Every structure is written in C-alpha cells, then in structure tokens.
Amino acid sequence: MSLTGTPLFAVAVALAAIAVLLPLAVWGKVRGPAAARLATRALMVVFAQVTAIAVVFVGVNREMNFYASWGDLFGTGTYVTAAPDLGPDGLGGKKAAEVKAAPKVLQEFRPVEGLGGRVRKTELDGTISGVKGDVMVWLPPQYDDPAHKDRKFPVVELIPGIPGTGKSWFQGLKAHEVLEPLMKSGKVQPFILVSPRAMLVGNADTGCANIPGKVNADSWFSVDVRKMVADNFRVSQEARSWGVAGYSAGAYCAAKLAISHPDRYGAAVSLSGYNDPGQEPSSLVAQDPELRRTHNLKNMLKAAPTPPAVSLWMSGAEQDGYLSGMDLKGIAQNPTTVHAEKVAGGHNLESWSKQLPQTFGWLSQQVKAP
C-alpha cells in the first residue's frame with residue numbers, strides 16, 4: 001500500500017472514526033476489576049490519539065510529499081550502487097569534454113500522478129555518481145510550441161529540504177503553478193525545471209557532497225542529472241544557462257553546488273539556507289570535522305583559487321538565511337555576487353512558495369537563454 005496513496009489515507013480515516021465511536025459505544029459497558037476497566041479505557045484513549053496523529057501525518061505527507069515511499073520514511077531505500085572516490089571535480093578522472101561527448105542515453109518519461117501532464121518522471125542510473133534515483137522534469141509552455149521548435153531553453157535544478165522528495169517542489173511549493181503564468185507573460189524566463197531525488201542515504205542529509213564510500217551526491221546533481229537533461233531536452237550545458245535553487249537543507253546544497261562548480265551553474269537561489277552544514281542535524285558532512293570545515297560556504301569562497309563567477313540569492317528571516325547571506329556578501333569578491341534579502345513568513349513551504357516570483361525574476365536576469 002503506497003504511503004501517498006488514497007487507500008492508506010482511507011484506512012487511516014476509517015480507523016480514526018472507529019477510535020472515536022468505540023468509546024462512545026462501550027465506555028460504560030466495560031466490565032471486570034477496576035484496574036482492568038482503567039487499562040481498557042486508557043487503551044481506547046491511546047488508540048484514538050494514535051489514529052488522529054496518523055490521519056494528520058498521512059494527510060500532510062500526501063499534500064507536501066515529504067516522504068514518497070515507506071523506504072523514505074524508514075530510511076531503508078537503496079539509491080547508492082557505488083561510491084568511489086571521483087576526485088575534486090567529481091568526474092572520476094574523466095574530462096568534462098569527455099562526459100559531454102559520451103553517447104546520449106535517452107530516458108523514458110511518464111506523467112506524475114496529480115501534477116499535470118508536463119511534470120514527467122524518469123528513473124536515472126547515474127553512471128558517474130553511482131546513484132540511481134528518480135528525476136522529475138517540468139517543461140515550460142513554450143517548449144512544445146511549434147514556434148519554438150528550434151529553441152534551446154535555460155534550466156533550473158530544484159533541490160528540496162530534508163525530508164523531501166523530487167515531488168516536493170511541485171506538490172508542496174507548487175512551483176510550476178506559480179511560475180507558468182509568469183512565463184507566459186514574459187515576466188520570468190521559460191525555464192525547464194528539474195527536481196532530482198535528494199534523499200539518497202536513508203534519512204540523512206548528504207549536503208550535496210561527494211563522500212567516498214558513502215555517496216557521490218555532488219556528482220549526481222552536477223554531472224549525471226545535467227547530462228541526462230542535455231541528452232533528452234533542448235538545452236545547453238553552458239554554465240550561463242543553468243541555475244540551481246533549494247530551500248532549507250536544499251538551499252545550502254544549491255549555494256554549495258554553484259560555488260563548487262561555476263563551470264556548471266551560473267546562479268543559485270538559497271531559501272532559508274545556511275553556511276555551516278552542521279546546522280542540519282542529519283548531515284553526513286558534519287560527522288567529519290574536517291569535511292564540515294571545508295564544506296562551510298564561507299571557507300569554500302575563501303579557499304577558491306579564483307573567485308567563482310556565480311551569482312547567489314540568499315533570503316530568509318534574520319537567523320534563517322539572511323545573516324548567512326550577509327556573511328557571504330561580506331567576503332565575496334568580483335565576479336562573485338551575493339544578494340541577501342530579509343523576508344518574513346517563517347521556515348515553511350508557504351513562505352518559500354511566495355518568494356518564487358521574485359527569486360525566479362532574479363534568476364531570469366542571471367541565467368541566460370542559450
């Protein structure tokens with residue numbers, strides 16, 4: 001039974017209804033010693049509370065898609081087939097030109113239930129990263145317009161927080177619903193939106209890092225997913241045509257990927273992010289003090305051989321992303337640019353969804369159409 005399916009929700013609602021009706025029907029009819037009567041009634045109360053919590057959890061998860069499967073919920077999903085040391089560039093000894101020139105691998109895409117026809121899903125076997133997972137792609141309204149049949153489109157990779165799935169950006173933030181009318185009116189560029197699986201090692205946060213022996217999350221996002229999109233859609237692999245955006249733990253990832261790979265991304269949007277990966281309790285990077293230090297965004301900017309040619313948008317409440325952005329802005333050197341925006345609304349999907357028109361308007365100025 002699917003964790004996000006209607007049958008499970010119906011069962012949860014039915015059990016909650018029984019939990020309410022049962023005490024009404026038998027509360028005064030319980031027989032036996034006082035201790036037994038007390039225990040029976042206590043169990044009915046506990047049953048009612050547990051089923052009420054279950055209904056809320058299943059309902060909210062169906063709406064927001066924090067966990068796509070039982071494997072996601074219990075951390076038993078297997079998405080890493082290998083995790084070799086791929087070197088500092090994450091290419092495993094290959095040159096970027098070799099990866100781009102590798103034979104195309106055409107994927108089979110299928111519609112995603114409940115998200116409309118233009119959100120499609122495929123299962124990608126990442127040959128460089130050793131990660132195997134789902135990737136969701138949304139095509140802008142102009143993509144299938146005959147007038148644009150020869151046009152290449154810019155891309156924004158979307159990374160959810162933890163917990164979160166590729167579906168979270170569409171079902172939780174409703175990114176496609178917010179952005180489509182803006183794309184039709186010309187206020188936002190017609191981006192292809194790409195949302196790969198981010199929970200790769202149980203319920204842990206990978207920090208979008210390559211950690212030999214555990215996971216090559218960086219190469220999954222910045223190499224394999226990019227190559228798949230280029231193989232299957234009308235896009236360029238030029239960094240200037242690619243952006244990356246994330247919220248919460250995904251916000252850190254977005255900024256980290258852009259700073260690490262200015263040859264792959266031209267801009268990043270960080271919604272309620274942070275600089276220190278240790279701020280995420282489940283961070284794999286934070287388990288190693290040296291990894292935590294080298295993956296702190298401030299240290300990454302300082303250690304870069306030359307300032308990366310990327311633009312960063314970092315927004316959030318004062319202690320929830322804004323001050324982190326100000327810290328980076330204070331040390332950024334040309335051509336790195338950092339825009340820090342203080343916003344209200346809290347650390348939640350509704351707040352991040354409301355920021356999409358502004359942030360994607362900014363991305364439209366930073367990420368160039370091919």
# chains A, B, ... in the order shown; residues from 1 in each chain; ligands from 1

$ residues_around --residues "Val215 of chain A" --least-positions-apart "4" --cutoff "9 Å" --atoms "only C-alpha atoms" --output "ChimeraX atom specification"
/A:80-84,129-131,200-201,206,209-211

$ closest_atom_pairs --of "segment 231-325 of chain A" --to "segment 155-178 of chain A" --cutoff "12 Å" --atoms "only C-alpha atoms" --output "Markdown table"
| residue | atom | partner | partner_atom | distance |
| --- | --- | --- | --- | --- |
| A:Phe233 | CA | A:Val155 | CA | 10.2 |
| A:Arg234 | CA | A:Val155 | CA | 10.0 |
| A:Val235 | CA | A:Val155 | CA | 7.4 |
| A:Ser236 | CA | A:Val155 | CA | 8.7 |
| A:Gln237 | CA | A:Val155 | CA | 9.3 |
| A:Glu238 | CA | A:Val155 | CA | 10.3 |
| A:Ala239 | CA | A:Val155 | CA | 9.9 |
| A:Arg240 | CA | A:Val155 | CA | 9.8 |
| A:Ser241 | CA | A:Val155 | CA | 6.4 |
| A:Trp242 | CA | A:Val155 | CA | 4.9 |
| A:Gly243 | CA | A:Val156 | CA | 4.5 |
| A:Val244 | CA | A:Glu157 | CA | 4.5 |
| A:Ala245 | CA | A:Leu158 | CA | 5.0 |
| A:Gly246 | CA | A:Ile159 | CA | 4.6 |
| A:Tyr247 | CA | A:Gly161 | CA | 5.7 |
| A:Ser248 | CA | A:Gly161 | CA | 5.1 |
| A:Ala249 | CA | A:Gly161 | CA | 4.6 |
| A:Gly250 | CA | A:Gly161 | CA | 4.6 |
| A:Ala251 | CA | A:Ile159 | CA | 7.3 |
| A:Tyr252 | CA | A:Gly161 | CA | 9.2 |
| A:Cys253 | CA | A:Ile159 | CA | 7.4 |
| A:Ala254 | CA | A:Ile159 | CA | 7.0 |
| A:Ala255 | CA | A:Ile159 | CA | 10.7 |
| A:Lys256 | CA | A:Ile159 | CA | 11.7 |
| A:Leu257 | CA | A:Glu157 | CA | 10.6 |
| A:Ala258 | CA | A:Glu157 | CA | 11.0 |
| A:Arg264 | CA | A:Val155 | CA | 11.2 |
| A:Tyr265 | CA | A:Val156 | CA | 9.1 |
| A:Gly266 | CA | A:Val156 | CA | 10.1 |
| A:Ala267 | CA | A:Val156 | CA | 9.2 |
| A:Ala268 | CA | A:Val156 | CA | 8.8 |
| A:Val269 | CA | A:Leu158 | CA | 9.5 |
| A:Ser270 | CA | A:Ile159 | CA | 9.9 |
| A:Leu271 | CA | A:Gly161 | CA | 10.0 |
| A:Ser272 | CA | A:Gly161 | CA | 10.0 |
| A:Gly273 | CA | A:Gly161 | CA | 9.6 |
| A:Glu280 | CA | A:Ile162 | CA | 8.7 |
| A:Pro281 | CA | A:Ile162 | CA | 10.1 |
| A:Ser282 | CA | A:Ile162 | CA | 8.6 |
| A:Ser283 | CA | A:Ile162 | CA | 9.7 |

$ select_by_dssp --residues "segment 271-336 of chain A" --states "helix (DSSP H, G or I)" --output "PyMOL selection string"
chain A and resi 277-279+285-287+289-294+297-303+318-331

$ residues_around --residues "Ala340 of chain A" --least-positions-apart "3" --cutoff "8 Å" --atoms "only C-alpha atoms" --output "JSON, numbers by chain"
{"A": [313, 314, 315, 322, 323, 325, 326, 329]}

$ write_last_selection --atoms "all heavy atoms" --output "mmCIF file, in the first residue's frame"
data_model
loop_
_atom_site.group_PDB
_atom_site.id
_atom_site.type_symbol
_atom_site.label_atom_id
_atom_site.label_comp_id
_atom_site.auth_asym_id
_atom_site.auth_seq_id
_atom_site.Cartn_x
_atom_site.Cartn_y
_atom_site.Cartn_z
ATOM 1 N N TRP A 313 21.608 34.258 -4.616
ATOM 2 C CA TRP A 313 20.483 34.912 -3.920
ATOM 3 C C TRP A 313 20.274 34.140 -2.625
ATOM 4 O O TRP A 313 20.046 32.927 -2.645
ATOM 5 C CB TRP A 313 19.232 34.861 -4.777
ATOM 6 C CG TRP A 313 17.980 35.293 -4.053
ATOM 7 C CD1 TRP A 313 17.325 34.632 -3.054
ATOM 8 C CD2 TRP A 313 17.223 36.491 -4.285
ATOM 9 N NE1 TRP A 313 16.227 35.327 -2.647
ATOM 10 C CE2 TRP A 313 16.136 36.475 -3.378
ATOM 11 C CE3 TRP A 313 17.354 37.558 -5.161
ATOM 12 C CZ2 TRP A 313 15.180 37.503 -3.340
ATOM 13 C CZ3 TRP A 313 16.405 38.575 -5.118
ATOM 14 C CH2 TRP A 313 15.347 38.543 -4.219
ATOM 15 N N MET A 314 20.350 34.838 -1.497
ATOM 16 C CA MET A 314 20.172 34.173 -0.206
ATOM 17 C C MET A 314 19.146 34.966 0.600
ATOM 18 O O MET A 314 19.368 36.123 0.955
ATOM 19 C CB MET A 314 21.505 34.073 0.534
ATOM 20 C CG MET A 314 22.558 33.322 -0.271
ATOM 21 S SD MET A 314 24.080 32.980 0.624
ATOM 22 C CE MET A 314 23.544 31.691 1.742
ATOM 23 N N SER A 315 18.003 34.337 0.866
ATOM 24 C CA SER A 315 16.928 35.030 1.559
ATOM 25 C C SER A 315 16.417 34.205 2.732
ATOM 26 O O SER A 315 16.605 32.996 2.804
ATOM 27 C CB SER A 315 15.780 35.343 0.595
ATOM 28 O OG SER A 315 15.243 34.158 0.038
ATOM 29 N N TYR A 322 19.177 34.974 6.140
ATOM 30 C CA TYR A 322 19.603 36.330 5.796
ATOM 31 C C TYR A 322 21.014 36.631 6.277
ATOM 32 O O TYR A 322 21.854 37.122 5.509
ATOM 33 C CB TYR A 322 18.618 37.345 6.377
ATOM 34 C CG TYR A 322 19.067 38.781 6.215
ATOM 35 C CD1 TYR A 322 19.085 39.379 4.962
ATOM 36 C CD2 TYR A 322 19.503 39.517 7.316
ATOM 37 C CE1 TYR A 322 19.516 40.689 4.800
ATOM 38 C CE2 TYR A 322 19.930 40.830 7.170
ATOM 39 C CZ TYR A 322 19.937 41.418 5.910
ATOM 40 O OH TYR A 322 20.374 42.718 5.766
ATOM 41 N N LEU A 323 21.304 36.365 7.559
ATOM 42 C CA LEU A 323 22.637 36.664 8.074
ATOM 43 C C LEU A 323 23.706 35.807 7.399
ATOM 44 O O LEU A 323 24.838 36.258 7.207
ATOM 45 C CB LEU A 323 22.675 36.475 9.588
ATOM 46 C CG LEU A 323 21.928 37.539 10.401
ATOM 47 C CD1 LEU A 323 22.054 37.260 11.892
ATOM 48 C CD2 LEU A 323 22.434 38.942 10.077
ATOM 49 N N GLY A 325 23.607 34.960 4.313
ATOM 50 C CA GLY A 325 23.846 35.662 3.057
ATOM 51 C C GLY A 325 24.719 36.889 3.243
ATOM 52 O O GLY A 325 25.609 37.167 2.432
ATOM 53 N N MET A 326 24.484 37.615 4.333
ATOM 54 C CA MET A 326 25.296 38.803 4.604
ATOM 55 C C MET A 326 26.755 38.415 4.870
ATOM 56 O O MET A 326 27.680 39.132 4.472
ATOM 57 C CB MET A 326 24.720 39.567 5.786
ATOM 58 C CG MET A 326 23.390 40.252 5.491
ATOM 59 S SD MET A 326 23.490 41.474 4.155
ATOM 60 C CE MET A 326 24.542 42.723 4.917
ATOM 61 N N LYS A 329 28.215 37.770 1.524
ATOM 62 C CA LYS A 329 28.347 39.032 0.802
ATOM 63 C C LYS A 329 29.572 39.805 1.274
ATOM 64 O O LYS A 329 30.262 40.454 0.483
ATOM 65 C CB LYS A 329 27.083 39.866 1.002
ATOM 66 C CG LYS A 329 27.048 41.142 0.183
ATOM 67 C CD LYS A 329 25.702 41.840 0.307
ATOM 68 C CE LYS A 329 25.642 43.091 -0.565
ATOM 69 N NZ LYS A 329 24.311 43.757 -0.479
#

$ select_by_dssp --residues "segment 282-324 of chain A" --states "strand (DSSP E or B)" --output "VMD selection string"
chain A and resid 283 311 to 316

$ write_last_selection --atoms "N, CA, C and O atoms" --output "JSON list (two decimals), in the first residue's frame"
[["chain", "number", "residue", "atom", "x", "y", "z"],
["A", 283, "SER", "N", 23.18, 15.80, 8.94],
["A", 283, "SER", "CA", 24.22, 15.98, 7.92],
["A", 283, "SER", "C", 25.32, 14.93, 8.01],
["A", 283, "SER", "O", 25.94, 14.73, 9.06],
["A", 311, "SER", "N", 26.39, 34.02, -9.29],
["A", 311, "SER", "CA", 25.54, 34.95, -8.56],
["A", 311, "SER", "C", 24.70, 34.16, -7.57],
["A", 311, "SER", "O", 24.11, 33.13, -7.94],
["A", 312, "LEU", "N", 24.65, 34.64, -6.33],
["A", 312, "LEU", "CA", 23.91, 33.94, -5.27],
["A", 312, "LEU", "C", 22.81, 34.83, -4.74],
["A", 312, "LEU", "O", 23.03, 36.01, -4.43],
["A", 313, "TRP", "N", 21.61, 34.26, -4.62],
["A", 313, "TRP", "CA", 20.48, 34.91, -3.92],
["A", 313, "TRP", "C", 20.27, 34.14, -2.62],
["A", 313, "TRP", "O", 20.05, 32.93, -2.64],
["A", 314, "MET", "N", 20.35, 34.84, -1.50],
["A", 314, "MET", "CA", 20.17, 34.17, -0.21],
["A", 314, "MET", "C", 19.15, 34.97, 0.60],
["A", 314, "MET", "O", 19.37, 36.12, 0.96],
["A", 315, "SER", "N", 18.00, 34.34, 0.87],
["A", 315, "SER", "CA", 16.93, 35.03, 1.56],
["A", 315, "SER", "C", 16.42, 34.21, 2.73],
["A", 315, "SER", "O", 16.60, 33.00, 2.80],
["A", 316, "GLY", "N", 15.76, 34.90, 3.65],
["A", 316, "GLY", "CA", 15.19, 34.25, 4.82],
["A", 316, "GLY", "C", 15.04, 35.25, 5.95],
["A", 316, "GLY", "O", 15.40, 36.42, 5.82]]

$ residues_around --residues "Pro307 of chain A" --least-positions-apart "3" --cutoff "10 Å" --atoms "only C-alpha atoms" --output "ChimeraX atom specification"
/A:259,262,300-304,310,332-337

$ write_last_selection --atoms "C-alpha atoms" --output "compact mmCIF listing (two decimals), in the first residue's frame"
# COMPACT_ATOMS: atom_id res chain seq x y z
CA ILE A 259 30.28 27.87 -5.58
CA PRO A 262 30.97 27.78 -11.68
CA MET A 300 34.73 27.47 0.27
CA LEU A 301 34.63 31.03 -1.03
CA LYS A 302 37.85 31.94 0.77
CA ALA A 303 39.65 28.81 -0.46
CA ALA A 304 38.62 29.11 -4.11
CA VAL A 310 28.44 32.90 -9.91
CA ALA A 332 32.63 37.72 -1.85
CA GLN A 333 35.00 39.16 -4.43
CA ASN A 334 34.28 40.05 -8.04
CA PRO A 335 32.99 38.27 -10.12
CA THR A 336 31.10 36.52 -7.28
CA THR A 337 27.96 38.46 -6.36

$ residues_around --residues "Gly278 of chain A" --least-positions-apart "5" --cutoff "10 Å" --atoms "only C-alpha atoms" --output "mmCIF file with N, CA, C and O atoms, in the first residue's frame"
data_model
loop_
_atom_site.group_PDB
_atom_site.id
_atom_site.type_symbol
_atom_site.label_atom_id
_atom_site.label_comp_id
_atom_site.auth_asym_id
_atom_site.auth_seq_id
_atom_site.Cartn_x
_atom_site.Cartn_y
_atom_site.Cartn_z
ATOM 1 N N GLY A 207 24.297 16.773 2.112
ATOM 2 C CA GLY A 207 24.983 18.043 1.903
ATOM 3 C C GLY A 207 25.434 18.216 0.460
ATOM 4 O O GLY A 207 26.301 19.047 0.170
ATOM 5 N N SER A 283 23.177 15.796 8.935
ATOM 6 C CA SER A 283 24.221 15.984 7.921
ATOM 7 C C SER A 283 25.321 14.930 8.010
ATOM 8 O O SER A 283 25.938 14.734 9.064
ATOM 9 N N LEU A 284 25.602 14.266 6.898
ATOM 10 C CA LEU A 284 26.735 13.338 6.826
ATOM 11 C C LEU A 284 28.051 14.100 6.818
ATOM 12 O O LEU A 284 29.046 13.647 7.385
ATOM 13 N N VAL A 285 28.057 15.264 6.186
ATOM 14 C CA VAL A 285 29.272 16.073 6.113
ATOM 15 C C VAL A 285 29.726 16.499 7.503
ATOM 16 O O VAL A 285 30.918 16.488 7.827
ATOM 17 N N ALA A 286 28.764 16.859 8.353
ATOM 18 C CA ALA A 286 29.091 17.371 9.686
ATOM 19 C C ALA A 286 29.663 16.304 10.616
ATOM 20 O O ALA A 286 30.217 16.629 11.673
ATOM 21 N N GLN A 287 29.533 15.044 10.239
ATOM 22 C CA GLN A 287 30.075 13.973 11.085
ATOM 23 C C GLN A 287 31.609 13.974 11.096
ATOM 24 O O GLN A 287 32.217 13.428 12.004
ATOM 25 N N ASP A 288 32.207 14.556 10.087
ATOM 26 C CA ASP A 288 33.663 14.644 9.992
ATOM 27 C C ASP A 288 34.059 16.113 10.160
ATOM 28 O O ASP A 288 33.712 16.951 9.321
ATOM 29 N N PRO A 289 34.776 16.471 11.224
ATOM 30 C CA PRO A 289 35.118 17.884 11.473
ATOM 31 C C PRO A 289 35.828 18.559 10.312
ATOM 32 O O PRO A 289 35.562 19.734 10.014
ATOM 33 N N ARG A 292 33.324 19.128 7.519
ATOM 34 C CA ARG A 292 32.445 20.223 7.917
ATOM 35 C C ARG A 292 33.123 21.577 7.697
ATOM 36 O O ARG A 292 32.498 22.524 7.206
ATOM 37 N N ARG A 293 34.403 21.647 8.032
ATOM 38 C CA ARG A 293 35.134 22.902 7.862
ATOM 39 C C ARG A 293 35.281 23.258 6.385
ATOM 40 O O ARG A 293 35.020 24.393 5.978
ATOM 41 N N HIS A 295 33.535 22.288 3.885
ATOM 42 C CA HIS A 295 32.272 22.454 3.180
ATOM 43 C C HIS A 295 31.446 23.611 3.729
ATOM 44 O O HIS A 295 30.296 23.808 3.300
ATOM 45 N N ASN A 296 31.997 24.368 4.663
ATOM 46 C CA ASN A 296 31.347 25.600 5.090
ATOM 47 C C ASN A 296 31.444 26.590 3.921
ATOM 48 O O ASN A 296 32.525 26.801 3.358
#

$ residues_around --residues "Arg110 of chain A" --least-positions-apart "2" --cutoff "7 Å" --atoms "only C-alpha atoms" --output "list of chain:residue names"
A:Glu108, A:Val112, A:Arg120, A:Lys121, A:Thr122

$ atom_distance --atom1 "atom CA of Gly321 of chain A" --atom2 "atom CA of Pro277 of chain A"
12.7 Å
